[in-house]
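Colleague: Got a structure for you, written out below as structure tokens; questions coming shortly.
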Amino acid sequence: MLEAWYVKRIEYNDKRKQHLLASMQEEMDYTNARAKFIQGVVDGAIELRNTKEAAVITQAEAYDAILHGRVKGFLGLPMRSLTTEEIAKLKAKAKSLKTEIADYSKKTFENILLEDLNSIKI
């Protein structure tokens, strides 16, 4: 019975690992896109003042392809976040996520199982 549990647990750890990796990758992509959008605004390539939403979207998507389909979500950013300091924070976060993805990708199913078992407090 324990062997059957172990085999099933390995299968679900694989699904969990793939889900976590996909989630981390999506967060990294979003962070990079947000940094790119703010960079475009700071550089003046994306003009927000006195510009219609459709024009802003066109400018942003022309500025960088990574922004395609994401611009509407960035239009609600507060003005205080449109700074070079915010860009630096986002780039640091993306770099950290990239490292986290690389480290988690290297983990074996057995390592994940052992970490789960070690996290159980009795």
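In the structure tokens, each chain is lettered A, B, ... as it comes, each chain's residues begin at 1, and ligands are numbered from 1 in order of appearance.
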Skipping near chain neighbours, those fewer than 3 positions away, what residues fall within 12 Å of Ser105 of chain A using only C-alpha atoms, listed as a PyMOL selection string?

Modeller: chain A and resi 14+16-22+24-25+97-102+108-109+111-112

Colleague: Where in chain A does DSSP assign alpha helix (DSSP H), given as number ranges by chain?

Modeller: A: 2-43, 53-63, 71-74, 84-106, 109-119

Colleague: Residues within 9 Å of Ile66 of chain A, please, as a list in words. Count only C-alpha atoms; anything in the same chain fewer than 6 positions from it doesn't count.

Modeller: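 Using only C-alpha atoms, the neighbours found are Asp29, Asn32, Ala33 and Lys36 of chain A.
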
Colleague: Name all residues at most 9 Å from segment 42-58 of chain A (count only C-alpha atoms; drop same-chain ones fewer than 2 positions away) and give them as a ChimeraX atom specification.

Modeller: /A:37-40,60-63,67-72,75,82-84

Colleague: Smallest atom-to-atom distance to Asp64 of chain A: which of A:Ile87, A:Ile120, A:Ala92, A:Ala35, using only C-alpha atoms?

Modeller: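 For Asp64 of chain A, the nearest of the candidates is A:Ala35.
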
Colleague: When you count only C-alpha atoms, which of these residues is closest to Thr31 of chain A: A:Phe74, A:Glu115, A:Ile122, A:Ala65?

Modeller: A:Phe74
